[in-house]
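*Asks:* Okay, handing you the structure first.
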Amino acid sequence: MTQIGTEAQPLRVAIVGAGPTGFYTAEHLFRNKEVVVTVDMFERLPTPYGLVRYGVAPDHPKIKSVTKLYDRTADNPRFRFFGNVNVGEDISVEEMLAHYHQIVFTTGAETDRPMNIPGIDLKNSHSAREFVAWYNGHPDYVDYEFDLTQERAAVIGVGNVAMDVARILCRTTEELATTDIADYALEALSHSKVREVFVLGRRGPVQAAFTTPEVKELGEMADTDVVVLADEAELDALSEADLTDSADRATRRKVDVIQSYVGKPLTGAGHRLHLRFLVSPTELYSDDAGRVVGMKLVHNELYRTESGTLRPRQIDKFEDLTVGLVFRSIGYRGVPIPGVPFHDSWGIIHNQEGRVIVPESREPVLGLYTAGWIKRGPTGIIGTNKPDALETVKCMLADLAEGRVRQPARPEPEAIDNLIYERQPHCFRYADWLKVKAEEIARGEAQNRPKVKFTSVDEMLAVLEK
Ligand code: NAP
């Protein structure tokens, strides 16, 4: 029998999910010198790039330039793209196993960490993820509606996604008009009445999950005053001790930026962004129509757990905050893929260093792997996924070297091709995507914007028919 991983019989790999991690996985596979690999990448949307296209904020264009590297990977003759194909619906994992030696799941975290407080499901209470997907033109979210007639909004959580949401709510139309924000979102936000945004952290400045450039950027917006209360910016003894002990300069810098907002004179700007600390919403209030009209906040203090981290603990101090719009931004969560063992409480695929495992026995499932957020949870920046994908690829190549590899019945590339087109005649290839992308860029040039996105699959199909 011919050896797998040679010109005559390449290692056939399917990657499910065309976000950054999917591309890093493909790149690492192609870079290895010993094994000849072909990659078929599956993506449920017609478009690649995952969160770089539908997650990264439109006013952060530099971060998006990373897609050039993904296009270079896709240019490899051993790479094929199957967009608009939903693994689990159009084709099952079991069916795919008949065609590939190895399958890698890089599907990210497609839903939200739940927040269980009374009223969280009221009208005008949304997850930040929905708002982000909406303003970025994700085809599944174009019909979402956000009540921007409200003057006061709250964002729960102080991670970088909370920063993105707060900025988009506070940016002027002029600031947004030069970005690739979805056209309908630009239009809706240009009529926004939101004037005050309260960003709510349950712990203190030292523990805030956002990074320094992001919190600094809040103060650099064209028409926004940032407000931080002196007593909330002041560090408690435990946080101060942590900061001193760790000599963590990055966190010190972040705290300095937060504290620099204290007492800053208001300029009369059109937006006011309140960065709050040591408060937790415990309940959302509604009017008779079931809409949010406010929330109850409890104040917290920090205590040290046995593991040494500082956690929030309620104290006997409460306040009511009047807000008509709420975004919970407390983290993402992975979605199970039918046929793949899923850790329900962690929201990730059961795995060890990227090898999918059977939870009970912890034995690897032959031929199944995972990388990125669906492997480790929704943490880190885009670049964090590169070493993460490398760890998985090392396991894949080691398993092949040691003969732990599947023998698919139909490894020839045409077999899966035929099956996909039977199931999804509107499958997008990479060349199709590049055509759509070129058209988006051309539309953008006319408006001095990086691109004007197509936001429905039908619109994208129409481009291909031109
Ligand atoms: P995140 O960084 O994990 O932040 C989640 C926030 O929610 C934390 O402040 C957390 O507070 C808070 N939280 C969790 N449960 C809560 C609860 N029950 N009540 C109140 N607050 C709660 O998540 P993210 O903002 O979704 O970002 C995900 C990842 O993407 C992060 O690694 C982030 O850095 C990255 N990202 C990066 C950029 C960028 O580089 N510009 C932009 C967007 C996202 P505790 O810390 O107290 O748990």
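Residues are named by chain letter and number: chains run A, B, ... in the order of the structure tokens, numbers start at 1 in each chain, and ligands are numbered from 1 in the order shown.
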Find the nearest atom pair between each residue of chain A and ligand 1 for residues within 6 Å, count only C-alpha atoms and all ligand atoms, give distances in Å to one decimal, sort rows by chain and ascending number, and present the table as CSV.
*Replies:*
residue,atom,partner,partner_atom_place_in_ligand_line,distance
A:Met115,CA,ligand 1,18 (N),5.7
A:Ile156,CA,ligand 1,21 (N),5.8
A:Gly157,CA,ligand 1,7 (O),3.8
A:Val158,CA,ligand 1,9 (O),3.7
A:Gly159,CA,ligand 1,25 (O),3.4
A:Asn160,CA,ligand 1,25 (O),4.2
A:Val161,CA,ligand 1,25 (O),3.8
A:Ala162,CA,ligand 1,25 (O),5.6
A:Gly201,CA,ligand 1,9 (O),5.8
A:Arg202,CA,ligand 1,20 (C),5.3
A:Arg203,CA,ligand 1,47 (O),5.3
A:Ala208,CA,ligand 1,9 (O),5.5
A:Ala209,CA,ligand 1,2 (O),4.8
A:Ser280,CA,ligand 1,20 (C),5.8
A:Ser329,CA,ligand 1,7 (O),5.7
A:Ile330,CA,ligand 1,7 (O),3.2
A:Gly331,CA,ligand 1,26 (O),3.8
A:Tyr332,CA,ligand 1,26 (O),5.5
A:Pro378,CA,ligand 1,28 (C),5.4
A:Thr379,CA,ligand 1,32 (O),3.7
A:Gly380,CA,ligand 1,32 (O),3.6
A:Ile381,CA,ligand 1,35 (C),5.0
*Asks:* Taking the backbone alone, and naming residues the way the document does, which bits of stretch 62-175 of chain A are helix (DSSP H, G or I) by DSSP, as a VMD selection string?
*Replies:* chain A and resid 62 to 64 67 to 74 93 to 97 128 to 135 139 to 141 160 to 170 173 to 175
*Asks:* Can you pull out the residues contacting A:Tyr54? Cut-off 10 Å, using only C-alpha atoms, and skip same-chain residues under 2 positions away; I want them as a PyMOL selection string.
*Replies:* chain A and resi 19+47-52+56-58+129+132-139+181
*Asks:* Convert the current residue selection to file output with all heavy atoms, as a compact mmCIF listing (two decimals), in the first residue's frame.
*Replies:*
# COMPACT_ATOMS: atom_id res chain seq x y z
N GLY A 19 -12.23 30.47 10.02
CA GLY A 19 -11.74 31.63 10.76
C GLY A 19 -10.21 31.59 10.84
O GLY A 19 -9.57 30.74 10.21
N THR A 47 -18.36 33.19 3.00
CA THR A 47 -17.16 34.02 3.18
C THR A 47 -16.20 33.40 4.19
O THR A 47 -16.63 32.91 5.23
CB THR A 47 -17.57 35.40 3.71
OG1 THR A 47 -18.39 35.18 4.87
CG2 THR A 47 -18.36 36.18 2.69
N PRO A 48 -14.90 33.47 3.93
CA PRO A 48 -13.93 33.03 4.95
C PRO A 48 -13.63 34.16 5.94
O PRO A 48 -14.24 35.21 5.87
CB PRO A 48 -12.70 32.70 4.11
CG PRO A 48 -12.78 33.66 2.97
CD PRO A 48 -14.24 33.88 2.69
N TYR A 49 -12.69 33.92 6.83
CA TYR A 49 -12.09 34.87 7.80
C TYR A 49 -12.81 34.90 9.16
O TYR A 49 -12.31 35.52 10.09
CB TYR A 49 -11.98 36.32 7.29
CG TYR A 49 -11.37 36.55 5.95
CD1 TYR A 49 -11.69 37.68 5.20
CD2 TYR A 49 -10.44 35.66 5.40
CE1 TYR A 49 -11.13 37.92 3.96
CE2 TYR A 49 -9.88 35.89 4.15
CZ TYR A 49 -10.23 37.02 3.43
OH TYR A 49 -9.69 37.27 2.20
N GLY A 50 -13.98 34.27 9.30
CA GLY A 50 -14.62 34.17 10.61
C GLY A 50 -14.71 35.50 11.34
O GLY A 50 -15.21 36.48 10.80
N LEU A 51 -14.19 35.51 12.57
CA LEU A 51 -14.33 36.71 13.41
C LEU A 51 -13.53 37.91 12.88
O LEU A 51 -13.79 39.03 13.29
CB LEU A 51 -13.89 36.41 14.84
CG LEU A 51 -14.94 35.82 15.78
CD1 LEU A 51 -14.42 35.78 17.21
CD2 LEU A 51 -16.25 36.61 15.74
N VAL A 52 -12.59 37.69 11.98
CA VAL A 52 -11.89 38.85 11.43
C VAL A 52 -12.87 39.66 10.59
O VAL A 52 -12.86 40.89 10.59
CB VAL A 52 -10.66 38.44 10.60
CG1 VAL A 52 -9.99 39.67 9.98
CG2 VAL A 52 -9.66 37.70 11.46
N VAL A 56 -14.18 41.47 14.49
CA VAL A 56 -13.31 42.63 14.69
C VAL A 56 -14.09 43.90 14.38
O VAL A 56 -14.82 43.98 13.38
CB VAL A 56 -12.05 42.53 13.79
CG1 VAL A 56 -11.24 43.81 13.83
CG2 VAL A 56 -11.19 41.34 14.21
N ALA A 57 -13.94 44.90 15.23
CA ALA A 57 -14.74 46.12 15.09
C ALA A 57 -14.35 46.86 13.80
O ALA A 57 -13.17 46.88 13.42
CB ALA A 57 -14.52 47.03 16.29
N PRO A 58 -15.32 47.49 13.13
CA PRO A 58 -15.04 48.17 11.87
C PRO A 58 -14.05 49.32 12.01
O PRO A 58 -13.36 49.66 11.04
CB PRO A 58 -16.41 48.70 11.42
CG PRO A 58 -17.34 48.50 12.56
CD PRO A 58 -16.76 47.49 13.47
N ARG A 129 -22.61 39.90 21.36
CA ARG A 129 -22.26 39.14 20.16
C ARG A 129 -23.26 39.41 19.02
O ARG A 129 -22.86 39.56 17.86
CB ARG A 129 -22.26 37.64 20.51
CG ARG A 129 -21.85 36.69 19.40
CD ARG A 129 -22.04 35.25 19.85
NE ARG A 129 -23.39 35.02 20.32
CZ ARG A 129 -24.44 34.79 19.55
NH1 ARG A 129 -24.29 34.73 18.25
NH2 ARG A 129 -25.65 34.64 20.06
N VAL A 132 -22.57 42.90 17.65
CA VAL A 132 -21.32 42.88 16.88
C VAL A 132 -21.56 42.26 15.50
O VAL A 132 -21.13 42.79 14.47
CB VAL A 132 -20.23 42.10 17.66
CG1 VAL A 132 -19.02 41.81 16.78
CG2 VAL A 132 -19.82 42.86 18.92
N ALA A 133 -22.25 41.11 15.49
CA ALA A 133 -22.51 40.42 14.21
C ALA A 133 -23.39 41.29 13.32
O ALA A 133 -23.20 41.35 12.10
CB ALA A 133 -23.17 39.07 14.48
N TRP A 134 -24.31 42.01 13.94
CA TRP A 134 -25.21 42.89 13.18
C TRP A 134 -24.45 44.04 12.53
O TRP A 134 -24.54 44.27 11.33
CB TRP A 134 -26.31 43.41 14.12
CG TRP A 134 -27.20 44.46 13.53
CD1 TRP A 134 -28.24 44.27 12.67
CD2 TRP A 134 -27.13 45.88 13.77
NE1 TRP A 134 -28.82 45.47 12.36
CE2 TRP A 134 -28.16 46.48 13.01
CE3 TRP A 134 -26.30 46.70 14.56
CZ2 TRP A 134 -28.38 47.86 13.02
CZ3 TRP A 134 -26.52 48.06 14.56
CH2 TRP A 134 -27.55 48.63 13.79
N TYR A 135 -23.64 44.76 13.34
CA TYR A 135 -22.99 45.93 12.73
C TYR A 135 -21.89 45.51 11.75
O TYR A 135 -21.49 46.28 10.91
CB TYR A 135 -22.52 46.97 13.76
CG TYR A 135 -21.44 46.63 14.77
CD1 TYR A 135 -20.16 46.25 14.40
CD2 TYR A 135 -21.70 46.76 16.15
CE1 TYR A 135 -19.18 45.97 15.33
CE2 TYR A 135 -20.71 46.49 17.09
CZ TYR A 135 -19.46 46.09 16.67
OH TYR A 135 -18.48 45.83 17.60
N ASN A 136 -21.45 44.24 11.86
CA ASN A 136 -20.45 43.76 10.91
C ASN A 136 -21.06 43.09 9.68
O ASN A 136 -20.33 42.56 8.84
CB ASN A 136 -19.48 42.79 11.60
CG ASN A 136 -18.37 43.52 12.34
OD1 ASN A 136 -17.89 44.55 11.87
ND2 ASN A 136 -17.98 43.00 13.49
N GLY A 137 -22.39 43.08 9.59
CA GLY A 137 -23.03 42.57 8.37
C GLY A 137 -23.07 41.06 8.24
O GLY A 137 -23.10 40.53 7.14
N HIS A 138 -23.07 40.34 9.37
CA HIS A 138 -23.18 38.87 9.32
C HIS A 138 -24.56 38.51 8.77
O HIS A 138 -25.58 38.97 9.29
CB HIS A 138 -23.02 38.33 10.75
CG HIS A 138 -22.88 36.84 10.82
ND1 HIS A 138 -23.84 35.98 10.36
CD2 HIS A 138 -21.89 36.06 11.31
CE1 HIS A 138 -23.45 34.74 10.56
NE2 HIS A 138 -22.26 34.76 11.14
N PRO A 139 -24.60 37.68 7.71
CA PRO A 139 -25.89 37.40 7.05
C PRO A 139 -26.98 36.88 8.00
O PRO A 139 -28.16 37.13 7.78
CB PRO A 139 -25.54 36.31 6.03
CG PRO A 139 -24.09 36.49 5.76
CD PRO A 139 -23.48 37.02 7.03
N ILE A 181 -18.21 49.15 8.26
CA ILE A 181 -19.43 48.78 8.99
C ILE A 181 -20.56 48.53 7.98
O ILE A 181 -20.59 49.14 6.90
CB ILE A 181 -19.81 49.92 9.98
CG1 ILE A 181 -20.91 49.46 10.94
CG2 ILE A 181 -20.24 51.20 9.24
CD1 ILE A 181 -21.09 50.41 12.13
*Asks:* Using only C-alpha atoms, what does the table of stretch 21-60 of chain A residues within 7 Å of stretch 66-84 of chain A look like, with each row giving the shortest atom pair and its distance in Å to one decimal, sorted by chain and ascending number, as a tab-separated table?
*Replies:*
residue	atom	partner	partner_atom	distance
A:Phe23	CA	A:Tyr70	CA	5.8
A:Glu27	CA	A:Thr73	CA	5.9
A:Thr38	CA	A:Arg78	CA	4.8
A:Val39	CA	A:Phe79	CA	4.9
A:Asp40	CA	A:Arg80	CA	4.7
A:Met41	CA	A:Phe81	CA	4.9
A:Phe42	CA	A:Phe82	CA	4.8
A:Glu43	CA	A:Gly83	CA	4.7
A:Arg44	CA	A:Asn84	CA	4.6
A:Leu45	CA	A:Asn84	CA	4.5
A:Pro46	CA	A:Asn84	CA	4.3
A:Thr47	CA	A:Gly83	CA	6.5
A:Tyr49	CA	A:Thr67	CA	6.8
*Asks:* Find the residues around stretch 295-297 of chain A up to 7 Å (only C-alpha atoms counted), leave out those fewer than 6 positions away in its own chain, and share them as a PyMOL selection string.
*Replies:* chain A and resi 279-285+318-322
*Asks:* How about saving the chosen residues, N, CA, C and O atoms kept, as a CSV table (one decimal), in the first residue's frame?
*Replies:*
chain,number,residue,atom,x,y,z
A,279,VAL,N,-19.3,46.6,40.4
A,279,VAL,CA,-20.8,46.6,40.4
A,279,VAL,C,-21.2,45.4,39.6
A,279,VAL,O,-20.7,45.1,38.6
A,280,SER,N,-22.3,44.8,40.0
A,280,SER,CA,-22.9,43.7,39.3
A,280,SER,C,-24.4,43.9,39.1
A,280,SER,O,-25.1,44.2,40.1
A,281,PRO,N,-25.0,43.8,37.9
A,281,PRO,CA,-26.4,43.8,37.8
A,281,PRO,C,-27.0,42.6,38.4
A,281,PRO,O,-26.5,41.5,38.3
A,282,THR,N,-28.1,42.8,39.2
A,282,THR,CA,-28.7,41.6,39.8
A,282,THR,C,-30.1,41.4,39.2
A,282,THR,O,-30.7,40.3,39.4
A,283,GLU,N,-30.7,42.4,38.5
A,283,GLU,CA,-32.0,42.3,38.0
A,283,GLU,C,-32.2,43.4,36.9
A,283,GLU,O,-31.7,44.5,37.1
A,284,LEU,N,-33.0,43.1,35.9
A,284,LEU,CA,-33.4,44.1,34.9
A,284,LEU,C,-34.8,44.4,35.2
A,284,LEU,O,-35.6,43.5,35.3
A,285,TYR,N,-35.2,45.7,35.2
A,285,TYR,CA,-36.6,46.1,35.3
A,285,TYR,C,-37.2,46.4,34.0
A,285,TYR,O,-36.6,46.8,33.0
A,318,PHE,N,-26.6,49.1,47.2
A,318,PHE,CA,-27.3,48.9,45.9
A,318,PHE,C,-27.6,50.3,45.3
A,318,PHE,O,-27.6,51.3,45.9
A,319,GLU,N,-27.8,50.2,44.0
A,319,GLU,CA,-28.3,51.4,43.3
A,319,GLU,C,-29.1,51.0,42.1
A,319,GLU,O,-29.0,49.8,41.6
A,320,ASP,N,-30.0,51.9,41.6
A,320,ASP,CA,-30.8,51.6,40.4
A,320,ASP,C,-30.2,52.4,39.3
A,320,ASP,O,-29.8,53.6,39.5
A,321,LEU,N,-30.0,51.8,38.2
A,321,LEU,CA,-29.5,52.5,37.0
A,321,LEU,C,-30.6,52.6,35.9
A,321,LEU,O,-31.1,51.5,35.5
A,322,THR,N,-30.9,53.7,35.5
A,322,THR,CA,-31.9,53.9,34.4
A,322,THR,C,-31.3,53.7,33.1
A,322,THR,O,-30.4,54.5,32.7
*Asks:* In Å, rounded to a single decimal, give me how far atom CA of A:Gly347 is from atom CA of A:Leu200.
*Replies:*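 Distance reported for this atom pair: 24.2 Å.
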